[in-house]
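Chemist: Contents of target_9.tsv (TSV, N, CA and C atoms) are below:
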```tsv
chain	number	residue	atom	x	y	z
A	1	MET	N	186.66	107.51	66.08
A	1	MET	CA	187.22	108.21	67.21
A	1	MET	C	186.80	109.68	67.23
A	2	VAL	N	186.78	110.33	66.08
A	2	VAL	CA	186.38	111.74	66.02
A	2	VAL	C	184.93	111.89	66.45
A	3	LYS	N	184.06	110.96	66.01
A	3	LYS	CA	182.65	111.07	66.41
A	3	LYS	C	182.48	110.83	67.91
A	4	ASP	N	183.33	110.00	68.51
A	4	ASP	CA	183.27	109.76	69.95
A	4	ASP	C	183.73	110.99	70.73
A	5	ILE	N	184.75	111.67	70.23
A	5	ILE	CA	185.21	112.92	70.86
A	5	ILE	C	184.14	113.99	70.72
A	6	ALA	N	183.51	114.07	69.55
A	6	ALA	CA	182.43	115.04	69.34
A	6	ALA	C	181.27	114.76	70.29
A	7	ALA	N	180.92	113.49	70.47
A	7	ALA	CA	179.84	113.13	71.40
A	7	ALA	C	180.21	113.51	72.83
A	8	LEU	N	181.45	113.27	73.21
A	8	LEU	CA	181.91	113.64	74.55
A	8	LEU	C	181.81	115.15	74.76
A	9	ILE	N	182.28	115.92	73.79
A	9	ILE	CA	182.20	117.37	73.89
A	9	ILE	C	180.74	117.81	73.98
A	10	GLY	N	179.89	117.22	73.16
A	10	GLY	CA	178.47	117.54	73.21
A	10	GLY	C	177.85	117.21	74.55
A	11	ARG	N	178.17	116.02	75.09
A	11	ARG	CA	177.63	115.63	76.39
A	11	ARG	C	178.08	116.59	77.48
A	12	ILE	N	179.35	116.97	77.45
A	12	ILE	CA	179.86	117.89	78.47
A	12	ILE	C	179.16	119.25	78.36
A	13	ALA	N	179.08	119.78	77.15
A	13	ALA	CA	178.48	121.11	76.96
A	13	ALA	C	177.00	121.13	77.35
A	14	VAL	N	176.24	120.18	76.85
A	14	VAL	CA	174.81	120.14	77.15
A	14	VAL	C	174.60	119.81	78.63
A	15	GLY	N	175.42	118.91	79.16
A	15	GLY	CA	175.32	118.56	80.57
A	15	GLY	C	175.57	119.75	81.48
A	16	ILE	N	176.56	120.57	81.14
A	16	ILE	CA	176.86	121.76	81.95
A	16	ILE	C	175.66	122.71	81.99
A	17	VAL	N	175.00	122.89	80.86
A	17	VAL	CA	173.83	123.78	80.83
A	17	VAL	C	172.72	123.22	81.72
A	18	PHE	N	172.47	121.91	81.65
A	18	PHE	CA	171.45	121.32	82.50
A	18	PHE	C	171.83	121.43	83.98
A	19	VAL	N	173.08	121.14	84.32
A	19	VAL	CA	173.54	121.25	85.71
A	19	VAL	C	173.33	122.68	86.21
A	20	ALA	N	173.69	123.66	85.41
A	20	ALA	CA	173.55	125.06	85.81
A	20	ALA	C	172.09	125.41	86.09
A	21	HIS	N	171.19	124.95	85.24
A	21	HIS	CA	169.76	125.25	85.43
A	21	HIS	C	169.19	124.53	86.65
A	22	GLY	N	169.58	123.27	86.84
A	22	GLY	CA	169.11	122.55	88.02
A	22	GLY	C	169.66	123.15	89.30
A	23	TRP	N	170.95	123.47	89.29
A	23	TRP	CA	171.60	124.07	90.45
A	23	TRP	C	170.94	125.41	90.80
A	24	GLN	N	170.62	126.19	89.77
A	24	GLN	CA	169.97	127.49	89.96
A	24	GLN	C	168.62	127.32	90.64
A	25	LYS	N	167.87	126.31	90.24
A	25	LYS	CA	166.55	126.08	90.85
A	25	LYS	C	166.70	125.72	92.33
A	26	PHE	N	167.69	124.92	92.66
A	26	PHE	CA	167.89	124.52	94.06
A	26	PHE	C	168.48	125.64	94.92
A	27	THR	N	169.47	126.35	94.40
A	27	THR	CA	170.25	127.26	95.25
A	27	THR	C	169.90	128.73	95.11
A	28	GLU	N	169.70	129.20	93.90
A	28	GLU	CA	169.43	130.63	93.72
A	28	GLU	C	167.96	130.96	93.98
A	29	PHE	N	167.08	130.19	93.37
A	29	PHE	CA	165.65	130.44	93.54
A	29	PHE	C	165.09	129.72	94.75
A	30	GLY	N	165.67	128.58	95.10
A	30	GLY	CA	165.12	127.73	96.15
A	30	GLY	C	163.91	127.00	95.60
A	31	MET	N	163.56	125.90	96.23
A	31	MET	CA	162.44	125.12	95.71
A	31	MET	C	161.12	125.86	95.87
A	32	ALA	N	160.97	126.63	96.94
A	32	ALA	CA	159.73	127.40	97.12
A	32	ALA	C	159.62	128.47	96.03
A	33	GLY	N	160.74	129.13	95.73
A	33	GLY	CA	160.74	130.14	94.69
A	33	GLY	C	160.50	129.56	93.31
A	34	THR	N	161.11	128.40	93.05
A	34	THR	CA	160.91	127.73	91.77
A	34	THR	C	159.46	127.30	91.62
A	35	ALA	N	158.89	126.71	92.68
A	35	ALA	CA	157.49	126.28	92.64
A	35	ALA	C	156.56	127.48	92.46
A	36	GLY	N	156.86	128.59	93.14
A	36	GLY	CA	156.05	129.80	92.99
A	36	GLY	C	156.10	130.34	91.57
A	37	SER	N	157.28	130.31	90.98
A	37	SER	CA	157.44	130.75	89.60
A	37	SER	C	156.68	129.83	88.65
A	38	PHE	N	156.78	128.52	88.89
A	38	PHE	CA	156.05	127.56	88.06
A	38	PHE	C	154.55	127.79	88.18
A	39	ASP	N	154.09	128.08	89.38
A	39	ASP	CA	152.66	128.32	89.61
A	39	ASP	C	152.19	129.54	88.81
A	40	LYS	N	152.97	130.61	88.84
A	40	LYS	CA	152.63	131.83	88.08
A	40	LYS	C	152.61	131.58	86.58
A	41	MET	N	153.43	130.61	86.12
A	41	MET	CA	153.47	130.28	84.69
A	41	MET	C	152.38	129.29	84.30
A	42	GLY	N	151.62	128.82	85.28
A	42	GLY	CA	150.54	127.88	84.98
A	42	GLY	C	150.96	126.43	84.89
A	43	VAL	N	152.14	126.10	85.41
A	43	VAL	CA	152.61	124.71	85.39
A	43	VAL	C	151.79	123.93	86.41
A	44	PRO	N	151.19	122.81	86.00
A	44	PRO	CA	150.40	122.02	86.94
A	44	PRO	C	151.29	121.39	88.03
A	45	LEU	N	150.71	121.19	89.19
A	45	LEU	CA	151.44	120.62	90.33
A	45	LEU	C	152.79	121.31	90.48
A	46	PRO	N	152.79	122.62	90.73
A	46	PRO	CA	154.04	123.38	90.67
A	46	PRO	C	155.14	122.91	91.61
A	47	THR	N	154.80	122.48	92.80
A	47	THR	CA	155.84	122.01	93.73
A	47	THR	C	156.47	120.72	93.23
A	48	LEU	N	155.62	119.77	92.86
A	48	LEU	CA	156.13	118.50	92.32
A	48	LEU	C	156.91	118.74	91.03
A	49	SER	N	156.38	119.60	90.17
A	49	SER	CA	157.05	119.91	88.91
A	49	SER	C	158.40	120.58	89.14
A	50	ALA	N	158.48	121.45	90.14
A	50	ALA	CA	159.74	122.12	90.45
A	50	ALA	C	160.79	121.12	90.92
A	51	TRP	N	160.38	120.22	91.80
A	51	TRP	CA	161.31	119.19	92.27
A	51	TRP	C	161.75	118.27	91.13
A	52	PHE	N	160.79	117.90	90.27
A	52	PHE	CA	161.13	117.05	89.12
A	52	PHE	C	162.14	117.76	88.23
A	53	ALA	N	161.83	118.99	87.83
A	53	ALA	CA	162.69	119.72	86.90
A	53	ALA	C	164.08	119.94	87.50
A	54	ALA	N	164.15	120.40	88.73
A	54	ALA	CA	165.45	120.68	89.34
A	54	ALA	C	166.27	119.40	89.50
A	55	SER	N	165.63	118.33	89.93
A	55	SER	CA	166.34	117.07	90.15
A	55	SER	C	166.81	116.46	88.84
A	56	VAL	N	165.93	116.43	87.84
A	56	VAL	CA	166.29	115.85	86.55
A	56	VAL	C	167.39	116.67	85.88
A	57	GLU	N	167.29	117.98	85.96
A	57	GLU	CA	168.29	118.83	85.32
A	57	GLU	C	169.65	118.70	86.01
A	58	LEU	N	169.68	118.70	87.34
A	58	LEU	CA	170.95	118.61	88.05
A	58	LEU	C	171.55	117.21	87.92
A	59	ALA	N	170.81	116.20	88.35
A	59	ALA	CA	171.34	114.82	88.31
A	59	ALA	C	171.51	114.35	86.87
A	60	GLY	N	170.54	114.68	86.02
A	60	GLY	CA	170.62	114.27	84.62
A	60	GLY	C	171.77	114.92	83.90
A	61	GLY	N	172.02	116.19	84.20
A	61	GLY	CA	173.16	116.87	83.60
A	61	GLY	C	174.48	116.24	84.00
A	62	LEU	N	174.60	115.89	85.28
A	62	LEU	CA	175.82	115.22	85.76
A	62	LEU	C	175.97	113.85	85.10
A	63	ALA	N	174.87	113.11	85.01
A	63	ALA	CA	174.92	111.78	84.37
A	63	ALA	C	175.25	111.89	82.89
A	64	LEU	N	174.73	112.92	82.24
A	64	LEU	CA	175.04	113.14	80.83
A	64	LEU	C	176.54	113.39	80.65
A	65	ILE	N	177.10	114.22	81.50
A	65	ILE	CA	178.54	114.51	81.43
A	65	ILE	C	179.35	113.23	81.61
A	66	ALA	N	178.98	112.45	82.62
A	66	ALA	CA	179.72	111.22	82.92
A	66	ALA	C	179.44	110.10	81.92
A	67	GLY	N	178.29	110.17	81.29
A	67	GLY	CA	177.92	109.11	80.36
A	67	GLY	C	177.32	107.91	81.06
A	68	VAL	N	176.53	108.15	82.09
A	68	VAL	CA	175.92	107.08	82.88
A	68	VAL	C	174.42	107.03	82.62
A	69	ALA	N	173.91	105.83	82.35
A	69	ALA	CA	172.47	105.61	82.11
A	69	ALA	C	171.96	106.55	81.01
A	70	LEU	N	172.73	106.69	79.97
A	70	LEU	CA	172.44	107.69	78.94
A	70	LEU	C	171.04	107.60	78.32
A	71	PRO	N	170.55	106.44	77.92
A	71	PRO	CA	169.21	106.43	77.32
A	71	PRO	C	168.13	106.91	78.29
A	72	VAL	N	168.22	106.50	79.54
A	72	VAL	CA	167.24	106.92	80.55
A	72	VAL	C	167.35	108.42	80.79
A	73	VAL	N	168.56	108.90	80.99
A	73	VAL	CA	168.80	110.32	81.23
A	73	VAL	C	168.37	111.16	80.03
A	74	GLY	N	168.70	110.70	78.84
A	74	GLY	CA	168.30	111.44	77.64
A	74	GLY	C	166.79	111.60	77.53
A	75	VAL	N	166.07	110.54	77.81
A	75	VAL	CA	164.60	110.59	77.75
A	75	VAL	C	164.06	111.51	78.85
A	76	LEU	N	164.57	111.38	80.08
A	76	LEU	CA	164.09	112.23	81.18
A	76	LEU	C	164.34	113.71	80.91
A	77	LEU	N	165.52	114.03	80.42
A	77	LEU	CA	165.82	115.43	80.10
A	77	LEU	C	164.96	115.93	78.95
A	78	ALA	N	164.72	115.08	77.96
A	78	ALA	CA	163.86	115.47	76.83
A	78	ALA	C	162.42	115.69	77.31
A	79	VAL	N	161.94	114.85	78.20
A	79	VAL	CA	160.59	115.02	78.75
A	79	VAL	C	160.50	116.32	79.55
A	80	ASP	N	161.53	116.60	80.33
A	80	ASP	CA	161.60	117.86	81.09
A	80	ASP	C	161.49	119.05	80.14
A	81	MET	N	162.26	119.02	79.06
A	81	MET	CA	162.24	120.13	78.10
A	81	MET	C	160.94	120.18	77.30
A	82	LEU	N	160.35	119.02	77.03
A	82	LEU	CA	159.05	119.00	76.35
A	82	LEU	C	158.01	119.69	77.23
A	83	GLY	N	158.04	119.39	78.52
A	83	GLY	CA	157.12	120.04	79.45
A	83	GLY	C	157.33	121.54	79.48
A	84	ALA	N	158.58	121.98	79.52
A	84	ALA	CA	158.87	123.41	79.52
A	84	ALA	C	158.38	124.07	78.23
A	85	TRP	N	158.55	123.38	77.12
A	85	TRP	CA	158.12	123.92	75.83
A	85	TRP	C	156.59	124.05	75.78
A	86	VAL	N	155.91	122.96	76.07
A	86	VAL	CA	154.45	122.95	75.94
A	86	VAL	C	153.78	123.83	77.00
A	87	LEU	N	154.24	123.76	78.23
A	87	LEU	CA	153.56	124.46	79.32
A	87	LEU	C	153.95	125.92	79.47
A	88	VAL	N	155.13	126.29	79.00
A	88	VAL	CA	155.61	127.65	79.26
A	88	VAL	C	155.97	128.41	77.98
A	89	HIS	N	156.78	127.82	77.12
A	89	HIS	CA	157.37	128.57	76.01
A	89	HIS	C	156.57	128.58	74.72
A	90	LEU	N	155.69	127.64	74.52
A	90	LEU	CA	154.95	127.53	73.26
A	90	LEU	C	154.22	128.81	72.87
A	91	PRO	N	153.52	129.47	73.80
A	91	PRO	CA	152.82	130.70	73.41
A	91	PRO	C	153.75	131.84	72.98
A	92	ASN	N	155.03	131.75	73.34
A	92	ASN	CA	155.97	132.83	73.05
A	92	ASN	C	156.67	132.69	71.71
A	93	GLY	N	156.35	131.64	70.98
A	93	GLY	CA	156.98	131.44	69.69
A	93	GLY	C	158.37	130.84	69.84
A	94	LEU	N	159.13	130.89	68.76
A	94	LEU	CA	160.44	130.25	68.74
A	94	LEU	C	161.54	131.17	69.28
A	95	LEU	N	161.56	132.41	68.86
A	95	LEU	CA	162.64	133.34	69.19
A	95	LEU	C	162.16	134.47	70.07
A	96	GLY	N	163.10	135.15	70.71
A	96	GLY	CA	162.78	136.32	71.51
A	96	GLY	C	162.51	135.97	72.96
A	97	GLU	N	162.02	136.95	73.69
A	97	GLU	CA	161.75	136.80	75.13
A	97	GLU	C	160.83	135.62	75.40
A	98	GLY	N	161.33	134.66	76.16
A	98	GLY	CA	160.53	133.48	76.50
A	98	GLY	C	160.36	132.50	75.36
A	99	GLY	N	161.12	132.67	74.29
A	99	GLY	CA	161.00	131.78	73.14
A	99	GLY	C	161.45	130.37	73.46
A	100	ALA	N	161.08	129.46	72.60
A	100	ALA	CA	161.27	128.03	72.85
A	100	ALA	C	162.57	127.47	72.32
A	101	GLU	N	163.40	128.30	71.66
A	101	GLU	CA	164.57	127.74	70.98
A	101	GLU	C	165.50	126.97	71.92
A	102	LEU	N	165.76	127.48	73.12
A	102	LEU	CA	166.69	126.81	74.02
A	102	LEU	C	166.15	125.46	74.49
A	103	VAL	N	164.88	125.43	74.90
A	103	VAL	CA	164.35	124.15	75.41
A	103	VAL	C	164.24	123.11	74.29
A	104	ILE	N	163.96	123.55	73.07
A	104	ILE	CA	163.90	122.61	71.95
A	104	ILE	C	165.28	122.02	71.68
A	105	VAL	N	166.28	122.88	71.61
A	105	VAL	CA	167.64	122.41	71.33
A	105	VAL	C	168.16	121.52	72.47
A	106	LEU	N	167.94	121.93	73.71
A	106	LEU	CA	168.40	121.12	74.84
A	106	LEU	C	167.72	119.76	74.88
A	107	GLY	N	166.41	119.74	74.66
A	107	GLY	CA	165.69	118.47	74.67
A	107	GLY	C	166.13	117.54	73.55
A	108	ALA	N	166.27	118.09	72.36
A	108	ALA	CA	166.69	117.26	71.22
A	108	ALA	C	168.13	116.78	71.40
A	109	ALA	N	169.00	117.65	71.89
A	109	ALA	CA	170.40	117.26	72.11
A	109	ALA	C	170.51	116.19	73.18
A	110	ALA	N	169.77	116.33	74.27
A	110	ALA	CA	169.80	115.33	75.34
A	110	ALA	C	169.31	113.97	74.83
A	111	LEU	N	168.26	113.99	74.05
A	111	LEU	CA	167.73	112.74	73.50
A	111	LEU	C	168.73	112.10	72.55
A	112	ALA	N	169.29	112.89	71.65
A	112	ALA	CA	170.28	112.35	70.69
A	112	ALA	C	171.51	111.82	71.41
A	113	LEU	N	172.03	112.57	72.37
A	113	LEU	CA	173.23	112.15	73.09
A	113	LEU	C	172.94	110.97	74.01
A	114	GLY	N	171.69	110.86	74.45
A	114	GLY	CA	171.31	109.73	75.29
A	114	GLY	C	171.40	108.40	74.55
A	115	PHE	N	171.20	108.44	73.25
A	115	PHE	CA	171.24	107.21	72.46
A	115	PHE	C	172.49	107.11	71.58
A	116	ASN	N	173.28	108.17	71.58
A	116	ASN	CA	174.53	108.18	70.79
A	116	ASN	C	175.60	108.93	71.57
A	117	GLY	N	175.88	108.45	72.77
A	117	GLY	CA	176.79	109.16	73.67
A	117	GLY	C	178.26	108.96	73.40
A	118	GLY	N	178.60	108.11	72.48
A	118	GLY	CA	180.00	107.89	72.14
A	118	GLY	C	180.68	106.87	73.01
A	119	ALA	N	181.89	106.54	72.63
A	119	ALA	CA	182.66	105.49	73.31
A	119	ALA	C	183.20	105.95	74.66
A	120	TYR	N	183.33	107.25	74.87
A	120	TYR	CA	183.90	107.77	76.10
A	120	TYR	C	182.81	108.06	77.13
A	121	ALA	N	182.03	107.04	77.42
A	121	ALA	CA	180.93	107.12	78.39
A	121	ALA	C	181.08	105.98	79.37
A	122	LEU	N	180.76	106.24	80.61
A	122	LEU	CA	180.86	105.19	81.62
A	122	LEU	C	179.92	104.02	81.33
A	123	ASP	N	178.83	104.27	80.63
A	123	ASP	CA	177.92	103.19	80.25
A	123	ASP	C	178.66	102.07	79.52
A	124	ARG	N	179.62	102.42	78.70
A	124	ARG	CA	180.37	101.43	77.91
A	124	ARG	C	181.14	100.47	78.82
A	125	VAL	N	181.56	100.99	79.97
A	125	VAL	CA	182.32	100.17	80.92
A	125	VAL	C	181.38	99.47	81.91
A	126	LEU	N	180.47	100.23	82.49
A	126	LEU	CA	179.59	99.71	83.54
A	126	LEU	C	178.54	98.73	83.03
A	127	PHE	N	178.05	98.98	81.84
A	127	PHE	CA	176.95	98.18	81.30
A	127	PHE	C	177.35	97.56	79.96
A	128	LYS	N	178.50	96.97	79.96
A	128	LYS	CA	179.12	96.42	78.74
A	128	LYS	C	178.17	95.56	77.92
A	129	ASN	N	177.38	94.72	78.57
A	129	ASN	CA	176.51	93.78	77.87
A	129	ASN	C	175.02	94.13	77.96
A	130	ASN	N	174.69	95.28	78.54
A	130	ASN	CA	173.29	95.67	78.71
A	130	ASN	C	172.84	96.48	77.50
A	131	LYS	N	171.92	95.94	76.72
A	131	LYS	CA	171.48	96.59	75.48
A	131	LYS	C	170.62	97.82	75.73
A	132	VAL	N	170.03	97.94	76.93
A	132	VAL	CA	169.20	99.10	77.25
A	132	VAL	C	170.07	100.29	77.62
A	133	LEU	N	170.99	100.09	78.57
A	133	LEU	CA	171.82	101.20	79.04
A	133	LEU	C	173.08	101.41	78.23
A	134	ASN	N	173.37	100.49	77.32
A	134	ASN	CA	174.53	100.63	76.44
A	134	ASN	C	174.11	100.21	75.03
A	135	PRO	N	173.49	101.13	74.28
A	135	PRO	CA	173.04	100.78	72.94
A	135	PRO	C	174.12	100.19	72.04
A	136	ALA	N	175.39	100.47	72.33
A	136	ALA	CA	176.49	99.92	71.53
A	136	ALA	C	176.61	98.41	71.72
A	137	ALA	N	176.02	97.88	72.79
A	137	ALA	CA	176.07	96.43	73.03
A	137	ALA	C	175.13	95.68	72.11
A	138	ALA	N	174.22	96.40	71.48
A	138	ALA	CA	173.21	95.76	70.61
A	138	ALA	C	173.85	95.16	69.38
```
Represent the structure of the file as structure tokens.
Modeler:
Amino acid sequence: MVKDIAALIGRIAVGIVFVAHGWQKFTEFGMAGTAGSFDKMGVPLPTLSAWFAASVELAGGLALIAGVALPVVGVLLAVDMLGAWVLVHLPNGLLGEGGAELVIVLGAAALALGFNGGAYALDRVLFKNNKVLNPAAA
């Protein structure tokens, strides 16, 4: 029970950070601004990449909080953060301005929580017998 509460707290905390970043891309920067920023950072296909990142972060963060489709969401969020690390943060090192520490932690946490989301996840109810979307069914 304690590990399930810890997983829930982790999902909520990490999910909130992803939701905030996705929401920021949509509302504060706008998709044109996000794509322009991605272009300046050398991200390939900046418009498509901006839509992918904003959508995965917002929807994925909400799904992580709710505990829905956790393995899929965990992988998508980890891929999003891997892209941010390799394409943007890697040259800046681990710490300091533009460092990779946040994207590494967020990606690893999303992946871990995607496969170990705890008992207090909607996946446990919605996908009771599905071994892909509910690893506990295995």
Chemist: Write out as a VMD selection string the residues lying within 6 Å of Gly60 (chain A), counting all atoms listed in the file and excluding same-chain residues fewer than 5 positions away.
Modeler: chain A and resid 55 65 73
Chemist: Create the file for the chosen residues now, containing N, CA and C atoms and written as a compact mmCIF listing (two decimals), in the frame of the given file.
Modeler:
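out_31.txt, written as the output of this step:
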```txt
# COMPACT_ATOMS: atom_id res chain seq x y z
N SER A 55 165.63 118.33 89.93
CA SER A 55 166.34 117.07 90.15
C SER A 55 166.81 116.46 88.84
N ILE A 65 177.10 114.22 81.50
CA ILE A 65 178.54 114.51 81.43
C ILE A 65 179.35 113.23 81.61
N VAL A 73 168.56 108.90 80.99
CA VAL A 73 168.80 110.32 81.23
C VAL A 73 168.37 111.16 80.03
```
Chemist: So which one's closest to Ala20 (chain A), A:Ala32, A:Ala6, A:Leu62, A:Ala110? Using only N, CA and C atoms, please.
Modeler: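 Of all the options, A:Leu62 lies closest to Ala20 (chain A).
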Chemist: For a test of reading the model, state the distance in Å between atom C of Ala119 (chain A) and CA of Ala66 (chain A), rounded to one decimal.
Modeler: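 Pair atom C of Ala119 (chain A) / CA of Ala66 (chain A) returns 10.4 Å.
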Chemist: Quick one: contact table of region 43-132 of chain A to region 26-29 of chain A, 10 Å max, nearest atom pair and distance in Å to one decimal per residue, counting only C-alpha atoms, chain and number order, as a Markdown table?
Modeler:
```
| residue | atom | partner | partner_atom | distance |
| --- | --- | --- | --- | --- |
| A:Ala50 | CA | A:Phe26 | CA | 9.2 |
| A:Trp51 | CA | A:Phe26 | CA | 8.7 |
| A:Ala54 | CA | A:Phe26 | CA | 6.6 |
| A:Ser55 | CA | A:Phe26 | CA | 8.6 |
| A:Leu58 | CA | A:Phe26 | CA | 9.0 |
```
Chemist: Please measure the separation of CA of Trp23 (chain A) and CA of Gly36 (chain A), giving the value in Å to one decimal.
Modeler: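 CA of Gly36 (chain A) lies 16.8 Å from CA of Trp23 (chain A).
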Chemist: From a backbone DSSP assignment, name each residue in region 8-97 of chain A labelled alpha helix (DSSP H), as a PyMOL selection string.
Modeler: chain A and resi 8-23+30-40+46-66+70-84
Chemist: Find the residues near Gly99 (chain A): any atom within 7 Å, counting all atoms listed in the file, skip ones fewer than 5 places away on the same chain, and give them as a PyMOL selection string.
Modeler: chain A and resi 89-90+92-94
Chemist: For Glu101 (chain A), which residue among A:Gly42, A:Trp85, A:Gln24, A:Arg124 is the nearest when counting only C-alpha atoms?
Modeler: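 Closest residue, counting only C-alpha atoms: A:Trp85.
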Chemist: Do you have the CA of Leu45 (chain A)-atom C of Lys25 (chain A) distance handy?
Modeler: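 According to the coordinates, CA of Leu45 (chain A) and atom C of Lys25 (chain A) are separated by 16.2 Å.
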Chemist: Please identify all polymer residues within 7 Å of region 74-79 of chain A, counting all atoms listed in the file, omitting same-chain residues fewer than 2 positions from it, and present them as a list of chain:residue names.
Modeler: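 Listed by chain and then number, they are A:Val56, A:Glu57, A:Gly60, A:Ala69, A:Leu70, A:Pro71, A:Val72, A:Met81, A:Leu82, A:Gly83, A:Ala84, A:Leu106, A:Gly107, A:Ala108, A:Ala109, A:Ala110, A:Leu111, A:Ala112, A:Leu113, A:Gly114, A:Phe115.
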Chemist: Which one is closest to Leu87 (chain A): A:Ile9, A:Ala59, A:Val43, A:Val103? Count all atoms listed in the file.
Modeler: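 Nearest candidate to Leu87 (chain A) out of A:Ile9, A:Ala59, A:Val43, A:Val103: A:Val43.
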Chemist: Could you list as a PDB file with N, CA and C atoms, in the frame of the given file every residue that has an atom within 8 Å of (186.8, 108.0, 70.0), using the file's coordinates and counting only N, CA and C atoms?
Modeler:
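File written: selection_34.pdb
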```
ATOM      1  N   MET A   1     186.660 107.510  66.080  1.00  0.00           N
ATOM      2  CA  MET A   1     187.220 108.210  67.210  1.00  0.00           C
ATOM      3  C   MET A   1     186.800 109.680  67.230  1.00  0.00           C
ATOM      4  N   VAL A   2     186.780 110.330  66.080  1.00  0.00           N
ATOM      5  CA  VAL A   2     186.380 111.740  66.020  1.00  0.00           C
ATOM      6  C   VAL A   2     184.930 111.890  66.450  1.00  0.00           C
ATOM      7  N   LYS A   3     184.060 110.960  66.010  1.00  0.00           N
ATOM      8  CA  LYS A   3     182.650 111.070  66.410  1.00  0.00           C
ATOM      9  C   LYS A   3     182.480 110.830  67.910  1.00  0.00           C
ATOM     10  N   ASP A   4     183.330 110.000  68.510  1.00  0.00           N
ATOM     11  CA  ASP A   4     183.270 109.760  69.950  1.00  0.00           C
ATOM     12  C   ASP A   4     183.730 110.990  70.730  1.00  0.00           C
ATOM     13  N   ILE A   5     184.750 111.670  70.230  1.00  0.00           N
ATOM     14  CA  ILE A   5     185.210 112.920  70.860  1.00  0.00           C
ATOM     15  C   ILE A   5     184.140 113.990  70.720  1.00  0.00           C
ATOM     16  N   ALA A   6     183.510 114.070  69.550  1.00  0.00           N
ATOM     17  CA  ALA A   6     182.430 115.040  69.340  1.00  0.00           C
ATOM     18  C   ALA A   6     181.270 114.760  70.290  1.00  0.00           C
ATOM     19  N   GLY A 118     178.600 108.110  72.480  1.00  0.00           N
ATOM     20  CA  GLY A 118     180.000 107.890  72.140  1.00  0.00           C
ATOM     21  C   GLY A 118     180.680 106.870  73.010  1.00  0.00           C
ATOM     22  N   ALA A 119     181.890 106.540  72.630  1.00  0.00           N
ATOM     23  CA  ALA A 119     182.660 105.490  73.310  1.00  0.00           C
ATOM     24  C   ALA A 119     183.200 105.950  74.660  1.00  0.00           C
ATOM     25  N   TYR A 120     183.330 107.250  74.870  1.00  0.00           N
ATOM     26  CA  TYR A 120     183.900 107.770  76.100  1.00  0.00           C
ATOM     27  C   TYR A 120     182.810 108.060  77.130  1.00  0.00           C
TER      28      TYR A 120
END
```
Chemist: Could you write out as JSON the box around region 48-59 of chain A (axis-aligned, all atoms listed in the file, 5 Å on each side), with centre and edge lengths in Å to one decimal?
Modeler:
```
{"center_x": 163.6, "center_y": 118.2, "center_z": 89.1, "size_x": 25.9, "size_y": 17.8, "size_z": 17.5}
```
Chemist: Which residue, A:Gly61, A:Pro91, A:Asp123, A:Pro44, has the smallest gap to Phe18 (chain A) when you use only N, CA and C atoms?
Modeler: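 Among A:Gly61, A:Pro91, A:Asp123, A:Pro44, it is A:Gly61 that comes nearest to Phe18 (chain A).
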